[in-house]
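Trainee: What follows is work.cif; its format and atoms are mmCIF, C-alpha atoms.
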```cif
data_start
loop_
_atom_site.group_PDB
_atom_site.id
_atom_site.type_symbol
_atom_site.label_atom_id
_atom_site.label_comp_id
_atom_site.auth_asym_id
_atom_site.auth_seq_id
_atom_site.Cartn_x
_atom_site.Cartn_y
_atom_site.Cartn_z
ATOM 1 C CA MET H 1 90.825 63.732 135.275
ATOM 2 C CA LYS H 2 94.459 64.550 135.907
ATOM 3 C CA GLU H 3 95.849 67.925 134.948
ATOM 4 C CA PRO H 4 98.427 67.752 132.086
ATOM 5 C CA LEU H 5 102.049 68.258 133.153
ATOM 6 C CA PRO H 6 102.669 71.422 131.021
ATOM 7 C CA LYS H 7 99.587 73.100 132.529
ATOM 8 C CA LYS H 8 100.689 72.096 136.039
ATOM 9 C CA ILE H 9 104.159 73.563 135.438
ATOM 10 C CA LEU H 10 102.625 76.781 134.057
ATOM 11 C CA ASN H 11 100.420 77.104 137.163
ATOM 12 C CA TYR H 12 103.434 76.652 139.447
ATOM 13 C CA PHE H 13 105.371 79.207 137.408
ATOM 14 C CA LEU H 14 102.537 81.758 137.659
ATOM 15 C CA LYS H 15 102.249 81.170 141.425
ATOM 16 C CA GLY H 16 106.002 81.607 141.776
ATOM 17 C CA LEU H 17 105.780 84.829 139.765
ATOM 18 C CA LEU H 18 102.982 86.047 142.021
ATOM 19 C CA TYR H 19 105.188 85.465 145.092
ATOM 20 C CA THR H 20 108.502 86.747 143.735
ATOM 21 C CA LEU H 21 107.517 89.698 141.512
ATOM 22 C CA PRO H 22 106.338 92.070 144.293
ATOM 23 C CA ILE H 23 109.412 91.313 146.405
ATOM 24 C CA THR H 24 111.705 91.749 143.405
ATOM 25 C CA LEU H 25 110.077 95.071 142.453
ATOM 26 C CA VAL H 26 110.385 96.432 146.009
ATOM 27 C CA ILE H 27 114.049 95.410 146.221
ATOM 28 C CA TYR H 28 114.740 96.916 142.785
ATOM 29 C CA MET H 29 112.984 100.198 143.686
ATOM 30 C CA LEU H 30 114.886 100.442 146.989
ATOM 31 C CA TYR H 31 118.145 99.778 145.148
ATOM 32 C CA GLN H 32 117.366 102.496 142.552
ATOM 33 C CA ILE H 33 116.452 104.978 145.299
ATOM 34 C CA PHE H 34 119.711 104.144 147.108
ATOM 35 C CA ILE H 35 121.738 104.684 143.897
ATOM 36 C CA PHE H 36 119.905 107.958 143.182
ATOM 37 C CA LEU H 37 120.490 109.283 146.715
ATOM 38 C CA ASP H 38 124.102 108.108 146.727
ATOM 39 C CA ASP H 39 124.735 109.971 143.457
ATOM 40 C CA LEU H 40 123.304 113.238 144.851
ATOM 41 C CA ILE H 41 126.512 113.755 146.831
ATOM 42 C CA PRO H 42 129.271 112.133 144.779
ATOM 43 C CA LEU H 43 132.106 111.017 147.020
ATOM 44 C CA GLY H 44 133.889 108.916 144.433
ATOM 45 C CA ASP H 45 133.954 105.201 143.864
ATOM 46 C CA LYS H 46 136.086 104.599 146.964
ATOM 47 C CA PHE H 47 133.190 105.042 149.401
ATOM 48 C CA PRO H 48 129.964 103.516 148.039
ATOM 49 C CA GLY H 49 127.045 104.491 150.262
ATOM 50 C CA ALA H 50 128.865 107.471 151.776
ATOM 51 C CA GLY H 51 126.626 109.849 149.803
ATOM 52 C CA VAL H 52 123.523 108.315 151.377
ATOM 53 C CA LEU H 53 125.051 108.497 154.868
ATOM 54 C CA LEU H 54 126.046 112.128 154.356
ATOM 55 C CA LEU H 55 122.569 112.936 153.010
ATOM 56 C CA LEU H 56 120.948 111.261 156.042
ATOM 57 C CA GLY H 57 123.262 113.263 158.298
ATOM 58 C CA ILE H 58 122.340 116.537 156.547
ATOM 59 C CA ILE H 59 118.605 115.787 156.810
ATOM 60 C CA THR H 60 119.005 114.914 160.502
ATOM 61 C CA LEU H 61 120.963 118.138 161.047
ATOM 62 C CA PHE H 62 118.115 120.100 159.435
ATOM 63 C CA GLY H 63 115.730 118.315 161.809
ATOM 64 C CA VAL H 64 117.839 119.359 164.803
ATOM 65 C CA LEU H 65 118.116 122.943 163.546
ATOM 66 C CA GLY H 66 114.408 123.030 162.708
ATOM 67 C CA SER H 67 113.561 122.033 166.258
ATOM 68 C CA SER H 68 115.851 124.545 167.936
ATOM 69 C CA LEU H 69 115.991 128.309 168.442
ATOM 70 C CA ILE H 70 118.667 128.621 165.746
ATOM 71 C CA ALA H 71 116.048 127.883 163.108
ATOM 72 C CA LYS H 72 113.801 130.872 163.921
ATOM 73 C CA PRO H 73 115.840 133.433 161.900
ATOM 74 C CA ILE H 74 116.294 130.956 159.037
ATOM 75 C CA GLN H 75 112.579 130.170 159.040
ATOM 76 C CA SER H 76 111.725 133.881 159.072
ATOM 77 C CA TRP H 77 114.074 134.498 156.118
ATOM 78 C CA PHE H 78 112.597 131.522 154.231
ATOM 79 C CA ASN H 79 109.024 132.769 154.891
ATOM 80 C CA LYS H 80 109.960 136.197 153.472
ATOM 81 C CA ILE H 81 111.144 134.481 150.299
ATOM 82 C CA LEU H 82 107.911 132.480 150.140
ATOM 83 C CA ASP H 83 105.850 135.663 150.657
ATOM 84 C CA ARG H 84 107.456 137.129 147.518
ATOM 85 C CA ALA H 85 106.618 134.001 145.497
ATOM 86 C CA PRO H 86 102.956 133.091 146.166
ATOM 87 C CA LEU H 87 102.937 130.110 143.792
ATOM 88 C CA LEU H 88 106.049 128.660 145.443
ATOM 89 C CA ARG H 89 104.480 129.248 148.872
ATOM 90 C CA THR H 90 101.287 127.435 147.840
ATOM 91 C CA ILE H 91 103.244 124.425 146.578
ATOM 92 C CA TYR H 92 105.524 124.375 149.644
ATOM 93 C CA MET H 93 102.616 124.633 152.102
ATOM 94 C CA ALA H 94 100.593 121.925 150.328
ATOM 95 C CA ILE H 95 103.526 119.497 150.386
ATOM 96 C CA ASN H 96 104.359 120.411 153.991
ATOM 97 C CA ASP H 97 100.743 119.914 155.117
ATOM 98 C CA LEU H 98 100.463 116.592 153.272
ATOM 99 C CA LEU H 99 103.680 115.262 154.814
ATOM 100 C CA SER H 100 102.567 116.473 158.250
ATOM 101 C CA ALA H 101 99.269 114.643 157.773
ATOM 102 C CA PHE H 102 101.147 111.365 157.345
ATOM 103 C CA VAL H 103 104.167 111.669 159.664
ATOM 104 C CA GLY H 104 103.734 114.848 161.697
ATOM 105 C CA GLN H 105 102.011 115.536 164.991
ATOM 106 C CA LYS H 106 98.642 116.186 163.328
ATOM 107 C CA LYS H 107 98.108 112.761 161.674
ATOM 108 C CA SER H 108 95.070 113.840 159.612
ATOM 109 C CA PHE H 109 94.284 110.439 158.124
ATOM 110 C CA SER H 110 93.337 108.781 161.410
ATOM 111 C CA LYS H 111 89.527 108.612 161.131
ATOM 112 C CA PRO H 112 88.519 106.107 158.436
ATOM 113 C CA VAL H 113 84.850 106.314 157.374
ATOM 114 C CA LEU H 114 82.359 104.953 154.865
ATOM 115 C CA VAL H 115 80.400 107.652 153.035
ATOM 116 C CA LYS H 116 77.052 107.056 151.332
ATOM 117 C CA MET H 117 77.706 108.645 147.941
ATOM 118 C CA TYR H 118 74.300 108.892 146.261
ATOM 119 C CA LYS H 119 70.885 109.358 147.803
ATOM 120 C CA GLY H 120 68.631 106.365 147.335
ATOM 121 C CA THR H 121 71.505 103.944 146.627
ATOM 122 C CA ASP H 122 73.700 101.707 148.725
ATOM 123 C CA ILE H 123 76.920 102.943 147.076
ATOM 124 C CA GLU H 124 79.526 103.845 149.690
ATOM 125 C CA LYS H 125 83.125 104.986 149.444
ATOM 126 C CA LEU H 126 85.995 104.652 151.951
ATOM 127 C CA GLY H 127 87.713 107.848 153.047
ATOM 128 C CA PHE H 128 89.147 109.762 155.999
ATOM 129 C CA VAL H 129 87.554 112.631 157.935
ATOM 130 C CA THR H 130 90.161 115.401 157.842
ATOM 131 C CA ASP H 131 88.171 118.333 159.273
ATOM 132 C CA GLU H 132 85.013 118.400 161.376
ATOM 133 C CA ASP H 133 84.817 122.179 161.883
ATOM 134 C CA LEU H 134 84.134 123.894 158.553
ATOM 135 C CA THR H 135 83.127 127.318 159.890
ATOM 136 C CA GLU H 136 85.983 128.955 157.951
ATOM 137 C CA LEU H 137 84.338 127.750 154.714
ATOM 138 C CA GLY H 138 81.083 129.491 155.568
ATOM 139 C CA ASP H 139 77.946 127.952 157.017
ATOM 140 C CA LYS H 140 78.676 124.247 156.627
ATOM 141 C CA THR H 141 76.735 123.085 159.694
ATOM 142 C CA GLY H 142 76.283 119.347 159.737
ATOM 143 C CA LYS H 143 79.020 118.693 157.181
ATOM 144 C CA VAL H 144 82.558 117.363 157.434
ATOM 145 C CA ALA H 145 85.566 117.239 155.094
ATOM 146 C CA VAL H 146 86.363 113.725 153.863
ATOM 147 C CA TYR H 147 89.468 112.835 151.858
ATOM 148 C CA PHE H 148 89.111 109.971 149.365
ATOM 149 C CA PRO H 149 92.446 108.482 148.255
ATOM 150 C CA HIS H 150 92.572 107.006 144.760
ATOM 151 C CA SER H 151 93.268 103.322 144.204
ATOM 152 C CA PHE H 152 96.633 102.399 142.648
ATOM 153 C CA ASN H 153 97.770 105.993 143.059
ATOM 154 C CA PHE H 154 98.928 108.425 145.726
ATOM 155 C CA SER H 155 96.409 111.140 144.998
ATOM 156 C CA GLY H 156 92.800 111.716 145.977
ATOM 157 C CA ASN H 157 89.832 114.077 146.244
ATOM 158 C CA LEU H 158 88.365 116.059 149.126
ATOM 159 C CA TYR H 159 84.565 116.263 149.438
ATOM 160 C CA ILE H 160 82.366 118.164 151.864
ATOM 161 C CA VAL H 161 79.587 115.739 152.796
ATOM 162 C CA PRO H 162 76.612 115.680 155.165
ATOM 163 C CA ARG H 163 77.618 114.240 158.526
ATOM 164 C CA GLU H 164 74.721 111.751 158.447
ATOM 165 C CA ASN H 165 76.229 110.138 155.319
ATOM 166 C CA VAL H 166 79.450 109.347 157.202
ATOM 167 C CA THR H 167 79.878 106.078 159.123
ATOM 168 C CA PRO H 168 83.072 105.472 161.144
ATOM 169 C CA VAL H 169 85.035 102.344 160.212
ATOM 170 C CA PRO H 170 86.376 100.489 163.269
ATOM 171 C CA ARG H 171 89.722 99.637 161.690
ATOM 172 C CA ASN H 172 93.307 100.835 161.830
ATOM 173 C CA ALA H 173 93.697 103.925 159.586
ATOM 174 C CA SER H 174 96.885 102.650 157.931
ATOM 175 C CA ASP H 175 95.166 99.364 157.030
ATOM 176 C CA ILE H 176 92.279 101.272 155.440
ATOM 177 C CA MET H 177 94.691 103.481 153.458
ATOM 178 C CA LYS H 178 96.533 100.363 152.252
ATOM 179 C CA TYR H 179 93.187 98.774 151.323
ATOM 180 C CA ILE H 180 92.076 101.806 149.300
ATOM 181 C CA VAL H 181 95.396 102.349 147.507
ATOM 182 C CA SER H 182 95.556 98.644 146.607
ATOM 183 C CA GLY H 183 92.122 98.863 144.991
ATOM 184 C CA GLY H 184 90.581 96.641 147.666
ATOM 185 C CA VAL H 185 92.932 93.677 147.289
ATOM 186 C CA ALA H 186 95.039 94.238 150.431
ATOM 187 C CA ASP H 187 94.091 92.015 153.365
ATOM 188 C CA ILE H 188 92.521 94.014 156.223
ATOM 189 C CA HIS H 189 91.119 91.067 158.179
ATOM 190 C CA GLU H 190 91.808 90.855 161.901
ATOM 191 C CA ARG H 191 95.331 89.613 162.589
ATOM 192 C CA GLU H 192 95.823 86.965 165.230
ATOM 193 C CA GLU H 193 98.328 87.946 167.886
#
```
Let me see whether you can do it: turn the structure in this file into structure tokens.

Mentor:
Amino acid sequence: MKEPLPKKILNYFLKGLLYTLPITLVIYMLYQIFIFLDDLIPLGDKFPGAGVLLLLGIITLFGVLGSSLIAKPIQSWFNKILDRAPLLRTIYMAINDLLSAFVGQKKSFSKPVLVKMYKGTDIEKLGFVTDEDLTELGDKTGKVAVYFPHSFNFSGNLYIVPRENVTPVPRNASDIMKYIVSGGVADIHEREE
């Protein structure tokens, strides 16, 4: 039996939507971010994009200063301010550590694992070992810290679990993160080279 023409057209439309909507949303979000950043440093209508370029230059300059000896007195002054505001220090350090985990030298989310969640069941959860030495937390012999990102969100939970419940996943860490955040719909199959 042949499919009716209106149903065929609707199926093609839905497939087209499936292909174009993610691309359109990404382009729209990038455009909005560009406009937002460009408006942070208003340089008038004569030079569209100059605000973004200036902002990139300022951030790069901070990177150069942060990596040089000039930054030591500034960093010391900034730490004194943070010492006077413990809540601000906690927030700053948490954000700094999280960013360092993704793009810094430490790269904390590099060991993807499967963790058996409940004794006597086959339920497992994907996560990342972030700390294998928990002596500073007390006697945690045989346990490791595992971070579990949430699906469809950029947040997660940290659990301390028995080491024997943790199984390494032989996959690229960024693919596993993408898989978790997408709720398991991202493709993590082997890519042909």

Trainee: What does the PyMOL selection byres ((chain H and resi 157) around 7) select in this file, as a list in words?

Mentor: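 This file gives the following for the PyMOL selection byres ((chain H and resi 157) around 7): Tyr147, Phe148, Pro149, Gly156, Leu158 and Tyr159 of chain H.
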
Trainee: How far is it from CA of Leu126 (chain H) to CA of Ile95 (chain H), in Å with one decimal?

Mentor: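 Going from CA of Leu126 (chain H) over to CA of Ile95 (chain H), I get 23.0 Å.
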
Trainee: Can you tell me, as a PDB file with C-alpha atoms, in the frame of the given file, what residues are no more than 9 Å from Gly127 (chain H) when counting only C-alpha atoms, ignoring any on the same chain fewer than 5 positions away?

Mentor:
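around39.pdb written:
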```pdb
ATOM      1  CA  PHE H 109      94.284 110.439 158.124  1.00  0.00           C
ATOM      2  CA  LYS H 111      89.527 108.612 161.131  1.00  0.00           C
ATOM      3  CA  PRO H 112      88.519 106.107 158.436  1.00  0.00           C
ATOM      4  CA  VAL H 113      84.850 106.314 157.374  1.00  0.00           C
ATOM      5  CA  LEU H 114      82.359 104.953 154.865  1.00  0.00           C
ATOM      6  CA  VAL H 115      80.400 107.652 153.035  1.00  0.00           C
ATOM      7  CA  VAL H 146      86.363 113.725 153.863  1.00  0.00           C
ATOM      8  CA  TYR H 147      89.468 112.835 151.858  1.00  0.00           C
ATOM      9  CA  PHE H 148      89.111 109.971 149.365  1.00  0.00           C
ATOM     10  CA  PRO H 149      92.446 108.482 148.255  1.00  0.00           C
ATOM     11  CA  ILE H 176      92.279 101.272 155.440  1.00  0.00           C
ATOM     12  CA  MET H 177      94.691 103.481 153.458  1.00  0.00           C
ATOM     13  CA  ILE H 180      92.076 101.806 149.300  1.00  0.00           C
TER      14      ILE H 180
END
```

Trainee: At what distance in Å, to one decimal, does CA of Val26 (chain H) lie from CA of Asn11 (chain H)?

Mentor: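 Between CA of Asn11 (chain H) and CA of Val26 (chain H) the gap works out to 23.5 Å.
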
Trainee: Apply the PyMOL selection byres ((chain H and resi 133) around 12) to the file shown and report the selected residues as number ranges by chain.

Mentor: H: 129-132, 134-146, 160, 163

Trainee: What is the distance, in Å and to one decimal place, between CA of Ile33 (chain H) and CA of Phe78 (chain H)?

Mentor: 28.3 Å
